[in-house]
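For reference, model.cif (mmCIF, C-alpha atoms):
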```cif
data_coords
loop_
_atom_site.label_atom_id
_atom_site.label_comp_id
_atom_site.auth_asym_id
_atom_site.auth_seq_id
_atom_site.Cartn_x
_atom_site.Cartn_y
_atom_site.Cartn_z
CA MET A 11 88.49 87.31 70.87
CA GLU A 12 87.59 84.25 72.89
CA THR A 13 86.71 84.59 76.56
CA ILE A 14 85.82 82.41 79.49
CA GLU A 15 83.09 83.68 81.80
CA ILE A 16 82.49 82.06 85.20
CA SER A 17 79.19 82.64 86.98
CA ASP A 18 77.77 80.74 89.96
CA GLY A 19 80.05 77.76 89.43
CA VAL A 20 79.33 77.46 85.71
CA VAL A 21 81.93 78.14 83.00
CA HIS A 22 80.78 79.73 79.73
CA LEU A 23 83.15 79.33 76.77
CA VAL A 24 82.29 82.43 74.76
CA GLU A 25 83.05 83.60 71.24
CA ARG A 26 80.65 86.54 70.79
CA GLU A 27 77.93 84.30 72.18
CA VAL A 28 77.79 81.45 74.69
CA THR A 29 78.55 78.29 72.75
CA LYS A 30 78.78 75.81 75.60
CA SER A 31 78.23 75.70 79.37
CA ILE A 32 79.69 73.15 81.77
CA THR A 33 80.34 73.07 85.50
CA LEU A 34 83.55 74.67 86.73
CA GLU A 35 84.89 71.40 88.13
CA ALA A 36 84.19 69.55 84.88
CA PHE A 37 86.02 72.30 83.00
CA LYS A 38 89.09 72.02 85.23
CA ASP A 39 89.06 68.22 85.05
CA SER A 40 88.93 68.41 81.26
CA LEU A 41 91.89 70.79 81.18
CA ARG A 42 93.94 68.54 83.42
CA ALA A 43 93.13 65.46 81.37
CA THR A 44 93.80 67.11 78.02
CA LEU A 45 96.77 69.30 78.82
CA GLY A 46 98.31 67.54 81.79
CA PHE A 47 97.94 70.40 84.28
CA LYS A 48 98.45 69.39 87.90
CA SER A 49 96.63 72.48 89.18
CA PRO A 50 93.80 74.64 87.81
CA ILE A 51 94.75 76.97 84.99
CA LEU A 52 92.72 79.82 86.49
CA PRO A 53 93.70 81.54 89.75
CA SER A 54 91.26 81.35 92.65
CA ASN A 55 88.19 83.59 92.40
CA THR A 56 88.67 84.23 88.68
CA ILE A 57 85.28 85.22 87.24
CA PHE A 58 86.37 86.26 83.75
CA TYR A 59 89.32 85.36 81.55
CA GLY A 60 90.38 86.73 78.20
CA GLN A 61 93.30 85.88 75.92
CA LEU A 62 94.57 87.53 72.76
CA GLU A 63 97.80 86.09 71.40
CA ALA A 64 100.41 86.43 74.19
CA CYS A 65 98.20 88.66 76.35
CA ARG A 66 96.15 87.13 79.18
CA VAL A 67 93.70 89.00 81.39
CA TYR A 68 92.22 87.66 84.63
CA ALA A 69 89.33 89.29 86.48
CA ILE A 70 89.63 88.37 90.16
CA GLU A 71 86.76 88.85 92.59
CA GLN A 72 87.11 89.69 96.28
CA ALA A 73 84.05 89.65 98.54
CA PRO A 74 83.18 92.57 100.85
CA CYS A 75 85.44 92.66 103.88
CA VAL A 76 87.27 94.93 106.30
CA ARG A 77 90.93 95.69 105.63
CA THR A 78 93.64 97.70 107.33
CA ILE A 79 95.13 100.26 104.95
CA ASN A 80 98.56 101.84 105.42
CA TYR A 81 98.55 105.45 104.25
CA ARG A 82 101.29 108.07 104.18
CA PRO A 83 99.66 111.42 103.31
CA ASP A 84 102.99 113.17 102.79
CA LYS A 85 105.13 112.55 99.70
CA ASN A 86 108.19 112.47 101.93
CA ARG A 87 109.03 108.78 102.32
CA ASN A 88 110.33 109.40 105.82
CA SER A 89 107.06 110.94 107.03
CA GLU A 90 104.62 109.16 109.32
CA THR A 91 102.43 106.33 108.05
CA PHE A 92 98.91 105.95 109.44
CA GLN A 93 96.67 102.90 109.56
CA TYR A 94 92.94 102.92 108.82
CA THR A 95 90.61 99.95 109.11
CA ILE A 96 87.98 100.38 106.41
CA PRO A 97 85.13 98.30 104.99
CA LEU A 98 85.29 97.46 101.29
CA PRO A 99 82.51 96.54 98.86
CA TRP A 100 83.01 93.90 96.18
CA VAL A 101 86.49 94.44 94.73
CA TYR A 102 87.54 93.42 91.22
CA LEU A 103 91.20 93.17 90.29
CA ILE A 104 91.90 93.02 86.55
CA VAL A 105 95.35 91.48 86.12
CA THR A 106 97.08 91.56 82.74
CA PHE A 107 100.11 89.45 81.81
CA HIS A 108 102.06 89.55 78.56
CA GLU A 109 103.95 86.30 78.16
CA PHE A 110 105.37 85.80 81.67
CA ALA A 111 105.56 89.49 82.58
CA LEU A 112 103.02 91.45 84.58
CA GLU A 113 101.63 94.13 82.30
CA SER A 114 99.19 95.93 84.61
CA LEU A 115 96.79 95.80 87.52
CA HIS A 116 93.47 97.65 87.52
CA VAL A 117 91.22 97.78 90.59
CA TYR A 118 87.50 98.57 90.75
CA PHE A 119 84.62 98.51 93.22
CA ARG A 120 81.04 97.33 92.95
CA GLY A 121 78.17 97.38 95.44
CA GLN A 122 76.81 94.05 94.23
CA ARG A 123 78.50 90.94 92.95
CA VAL A 124 79.11 90.77 89.20
CA LYS A 125 76.61 88.47 87.51
CA ILE A 126 77.29 89.03 83.82
CA ALA A 127 80.17 90.42 81.76
CA ASP A 128 78.15 93.53 80.89
CA ASP A 129 77.84 94.60 84.54
CA VAL A 130 79.42 97.99 85.21
CA LEU A 131 82.45 98.31 87.49
CA TYR A 132 83.06 101.44 89.53
CA VAL A 133 86.04 103.64 90.32
CA ALA A 134 87.97 102.57 93.43
CA PRO A 135 88.88 105.93 95.03
CA LEU A 136 92.12 104.84 96.64
CA PRO A 137 95.51 106.58 96.52
CA ASN A 138 97.98 105.33 93.90
CA ILE A 139 95.16 104.45 91.49
CA HIS A 140 94.49 106.45 88.34
CA GLY A 141 90.97 107.41 87.32
CA ASP A 142 90.82 104.50 84.85
CA GLY A 143 91.63 102.02 87.62
CA LEU A 144 95.30 101.53 86.72
CA VAL A 145 97.42 100.90 89.82
CA CYS A 146 100.87 102.39 90.25
CA LEU A 147 102.78 99.26 91.29
CA GLY A 148 106.42 100.22 91.05
CA ASP A 149 108.84 97.41 90.30
CA LEU A 150 107.46 93.89 90.71
CA ARG A 151 109.09 90.68 89.51
CA PHE A 152 108.05 87.03 89.54
CA GLU A 153 110.02 83.84 89.21
CA ILE A 154 109.53 82.77 85.60
CA THR A 155 108.48 79.29 86.72
CA SER A 156 105.95 80.50 89.30
CA PRO A 157 102.40 79.19 88.72
CA MET A 158 99.85 81.83 87.76
CA GLU A 159 97.97 81.24 91.01
CA GLU A 160 101.09 82.12 92.99
CA ARG A 161 101.76 85.22 90.92
CA VAL A 162 98.24 86.55 91.37
CA GLU A 163 98.25 85.87 95.11
CA LYS A 164 101.58 87.69 95.45
CA LEU A 165 100.19 90.62 93.49
CA LYS A 166 97.10 90.84 95.71
CA ARG A 167 99.22 90.79 98.87
CA LEU A 168 101.54 93.44 97.47
CA PHE A 169 98.64 95.73 96.62
CA TRP A 170 96.80 95.53 99.93
CA ASP A 171 99.92 95.46 102.12
CA SER A 172 101.63 98.37 100.37
CA VAL A 173 101.84 101.88 101.77
CA PHE A 174 99.37 104.04 99.88
CA ASN A 175 100.83 107.51 99.46
CA ALA A 176 100.17 110.96 98.03
CA ASP A 177 101.83 110.40 94.64
CA ILE A 178 98.49 109.90 92.84
CA LEU A 179 95.51 111.40 94.64
CA TYR A 180 93.12 112.89 92.09
CA SER A 181 90.81 109.86 91.98
CA TYR A 182 90.93 109.55 95.78
CA ASP A 183 89.98 113.22 96.09
CA GLU A 184 87.46 113.51 93.25
CA ASN A 185 85.59 110.20 93.41
CA MET A 186 85.10 109.75 97.15
CA PRO A 187 81.38 109.32 97.96
CA GLU A 188 79.79 112.26 99.73
CA ALA A 189 78.71 110.09 102.67
CA ILE A 190 82.35 109.34 103.47
CA GLU A 191 83.40 112.97 103.07
CA GLU A 192 80.63 114.09 105.41
CA ARG A 193 81.78 111.70 108.12
CA SER A 194 85.39 112.75 107.63
CA GLY A 195 84.82 116.41 108.44
CA GLU A 196 88.22 118.06 108.61
CA ASP A 197 89.95 114.69 108.94
CA GLU A 198 91.46 112.51 106.24
CA SER A 199 88.86 110.76 104.04
CA PHE A 200 90.01 107.40 105.38
CA ALA A 201 88.95 108.54 108.87
CA GLY A 202 85.38 109.01 107.66
CA TRP A 203 85.56 105.74 105.74
CA GLU A 204 86.29 103.93 109.00
CA ARG A 205 82.93 105.14 110.33
CA ILE A 206 81.03 103.41 107.50
CA SER A 207 79.68 99.88 108.01
CA THR A 208 80.20 97.03 105.55
CA GLU A 209 76.49 97.14 104.70
CA GLU A 210 76.65 100.88 104.07
CA VAL A 211 79.77 100.69 101.93
CA CYS A 212 78.05 98.32 99.50
CA ALA A 213 75.18 100.79 99.11
CA LEU A 214 77.30 103.89 98.45
CA PRO A 215 77.03 105.60 95.02
CA TRP A 216 80.49 104.83 93.68
CA THR A 217 81.47 106.51 90.40
CA PRO A 218 80.62 104.25 87.42
CA TYR A 219 83.41 103.46 84.96
CA LYS A 220 82.90 100.75 82.31
CA THR A 221 81.53 97.24 81.95
CA LEU A 222 83.71 94.30 82.93
CA SER A 223 83.84 93.07 79.33
CA ALA A 224 84.89 96.52 78.05
CA ILE A 225 87.66 96.76 80.64
CA VAL A 226 89.01 93.30 79.83
CA GLY A 227 88.80 94.07 76.11
CA GLY A 228 90.73 97.29 76.63
CA CYS A 229 93.45 95.46 78.53
CA LEU A 230 93.73 92.82 75.81
CA ASN A 231 94.10 95.52 73.18
CA ASN A 232 96.35 97.69 75.36
CA GLN A 233 93.84 100.55 75.44
#
```
Reformat the file's structure so that it appears as structure tokens.
Amino acid sequence: METIEISDGVVHLVEREVTKSITLEAFKDSLRATLGFKSPILPSNTIFYGQLEACRVYAIEQAPCVRTINYRPDKNRNSETFQYTIPLPWVYLIVTFHEFALESLHVYFRGQRVKIADDVLYVAPLPNIHGDGLVCLGDLRFEITSPMEERVEKLKRLFWDSVFNADILYSYDENMPEAIEERSGEDESFAGWERISTEEVCALPWTPYKTLSAIVGGCLNNQ
């Protein structure tokens, strides 16, 4: 399995070990010159890329920020939806495509920015996400001619703008840090999450899952 690792503006072309390192811009320029691409092959904020035959996996990084989450705690689709404005640590979206079709989206947290492929990612305790990070997306389609950048951006918007609901809650319930639960009291966990600062959220003891390289490898091998 060949992979591309991007760290601090440097691209590592890896086959079990780093064989060559060049700047990110030089890498993109080389791709354009050799293959005729008019835009970068990798979506914005891609830090890790893996390919195995027709399967492609992109690890997308999102810096800590504050987002407004739409949440409907009742499974009844006609029930009330609430909004919570919560701080998020570093977020890593692992996007898998098979040919032109979206295969899966996995989402993870991390208190610090990923530096190497063997850094551990942590469970993102949000509704609609399984314990292994797999997101329940429903039915999503792309135009077959859409650039990969456009597809990934659409996927990110869909995820964050969607209404999180009570269909899948076990990770949300079981992996929520104690500090958030304590501030929630009898309220919804999101209510306590709103009372956490961005600095605090990056220091919380999120539940460890697997290394970035192991997650990407699992997606490539459909595991």
By how many Å are CA of Thr217 (chain A) and CA of Phe92 (chain A) apart?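 Interatomic distance, CA of Thr217 (chain A) to CA of Phe92 (chain A): 25.8 Å.
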Can you work out which one of A:Ser194, A:Phe107, A:Gln122, A:Leu23 has the shortest atom-to-atom distance to Leu62 (chain A), counting all atoms listed in the file?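 Under the stated criterion, the closest residue is A:Phe107.
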Which is closest to Leu131 (chain A) among A:Val20, A:Cys65, A:Ile225, A:Ile178, if we use only C-alpha atoms?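 Ranking A:Val20, A:Cys65, A:Ile225, A:Ile178 by distance to Leu131 (chain A), first place goes to A:Ile225.
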Using only C-alpha atoms for the distances, tell me which of A:Phe110, A:Tyr118, A:Trp100, A:Tyr59 is nearest to His140 (chain A).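 Among the listed residues, A:Tyr118 lies closest to His140 (chain A).
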Pairwise distance for CA of Glu191 (chain A) and CA of Ala134 (chain A), rounded to one decimal in Å: 14.9 Å
Calculate how many Å separate CA of Leu98 (chain A) from CA of Arg66 (chain A), rounding to one decimal.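 Pair CA of Leu98 (chain A) / CA of Arg66 (chain A) returns 26.7 Å.
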When the PyMOL selection byres ((chain A and resi 212) around 12) is applied to the structure above, which residues does it catch, written out as a ChimeraX atom specification? /A:73-76,97-101,119-123,132,187,206-211,213-216
For C-alpha atoms, I'd like the residues from the last selection saved as a PDB file, in the frame of the given file.
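Result file is part.pdb:
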```
ATOM      1  CA  ALA A  73      84.050  89.650  98.540  1.00  0.00           C
ATOM      2  CA  PRO A  74      83.180  92.570 100.850  1.00  0.00           C
ATOM      3  CA  CYS A  75      85.440  92.660 103.880  1.00  0.00           C
ATOM      4  CA  VAL A  76      87.270  94.930 106.300  1.00  0.00           C
ATOM      5  CA  PRO A  97      85.130  98.300 104.990  1.00  0.00           C
ATOM      6  CA  LEU A  98      85.290  97.460 101.290  1.00  0.00           C
ATOM      7  CA  PRO A  99      82.510  96.540  98.860  1.00  0.00           C
ATOM      8  CA  TRP A 100      83.010  93.900  96.180  1.00  0.00           C
ATOM      9  CA  VAL A 101      86.490  94.440  94.730  1.00  0.00           C
ATOM     10  CA  PHE A 119      84.620  98.510  93.220  1.00  0.00           C
ATOM     11  CA  ARG A 120      81.040  97.330  92.950  1.00  0.00           C
ATOM     12  CA  GLY A 121      78.170  97.380  95.440  1.00  0.00           C
ATOM     13  CA  GLN A 122      76.810  94.050  94.230  1.00  0.00           C
ATOM     14  CA  ARG A 123      78.500  90.940  92.950  1.00  0.00           C
ATOM     15  CA  TYR A 132      83.060 101.440  89.530  1.00  0.00           C
ATOM     16  CA  PRO A 187      81.380 109.320  97.960  1.00  0.00           C
ATOM     17  CA  ILE A 206      81.030 103.410 107.500  1.00  0.00           C
ATOM     18  CA  SER A 207      79.680  99.880 108.010  1.00  0.00           C
ATOM     19  CA  THR A 208      80.200  97.030 105.550  1.00  0.00           C
ATOM     20  CA  GLU A 209      76.490  97.140 104.700  1.00  0.00           C
ATOM     21  CA  GLU A 210      76.650 100.880 104.070  1.00  0.00           C
ATOM     22  CA  VAL A 211      79.770 100.690 101.930  1.00  0.00           C
ATOM     23  CA  ALA A 213      75.180 100.790  99.110  1.00  0.00           C
ATOM     24  CA  LEU A 214      77.300 103.890  98.450  1.00  0.00           C
ATOM     25  CA  PRO A 215      77.030 105.600  95.020  1.00  0.00           C
ATOM     26  CA  TRP A 216      80.490 104.830  93.680  1.00  0.00           C
TER      27      TRP A 216
END
```
Name the residues that the PyMOL selection byres ((chain A and resi 114) around 8) pulls out of this structure, and write them as JSON, numbers by chain. {"A": [105, 106, 107, 112, 113, 115, 116, 144, 145]}
Point (89.4, 105.4, 107.8) neighbourhood (12 Å, all atoms listed in the file) written as a PyMOL selection string: chain A and resi 76-81+92-98+136+190-191+193-195+197-207
Taking the file as shown, what set of residues would the PyMOL selection byres ((chain A and resi 173) around 12) give back, as a PyMOL selection string? chain A and resi 78-85+87+89-94+136-138+146-148+167-172+174-177
From the list A:His108, A:Pro157, A:Val21, A:Gly141, the nearest residue to Gln61 (chain A) using only C-alpha atoms is A:His108
Box for region 60-70 of chain A: with edges along x, y and z, all listed atoms inside and 5 Å added on each side, what are the centre and edge lengths in Å to one decimal, as lines of an AutoDock Vina configuration file?
```
center_x = 94.9
center_y = 87.6
center_z = 80.8
size_x = 21.1
size_y = 13.4
size_z = 28.8
```
Nearest to Asp142 (chain A), chosen from A:Tyr102, A:Tyr68, A:Tyr219, A:Tyr182, with only C-alpha atoms counted in the distances: A:Tyr219
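Minimum distance to Leu230 (chain A) across A:Lys166, A:Tyr180, A:Val117, A:Val67 (counting all atoms listed in the file) occurs at A:Val67.
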Could you give me, as a PDB file with C-alpha atoms, keeping the file's coordinate frame, the residues within 8 Å of region 54-56 of chain A, counting all atoms listed in the file and dropping anything in the same chain fewer than 3 positions from it?
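Listing of around.pdb after writing:
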```
ATOM      1  CA  ILE A  16      82.490  82.060  85.200  1.00  0.00           C
ATOM      2  CA  TYR A  59      89.320  85.360  81.550  1.00  0.00           C
ATOM      3  CA  TYR A  68      92.220  87.660  84.630  1.00  0.00           C
ATOM      4  CA  ALA A  69      89.330  89.290  86.480  1.00  0.00           C
ATOM      5  CA  ILE A  70      89.630  88.370  90.160  1.00  0.00           C
ATOM      6  CA  GLU A  71      86.760  88.850  92.590  1.00  0.00           C
ATOM      7  CA  GLN A  72      87.110  89.690  96.280  1.00  0.00           C
ATOM      8  CA  GLU A 159      97.970  81.240  91.010  1.00  0.00           C
TER       9      GLU A 159
END
```
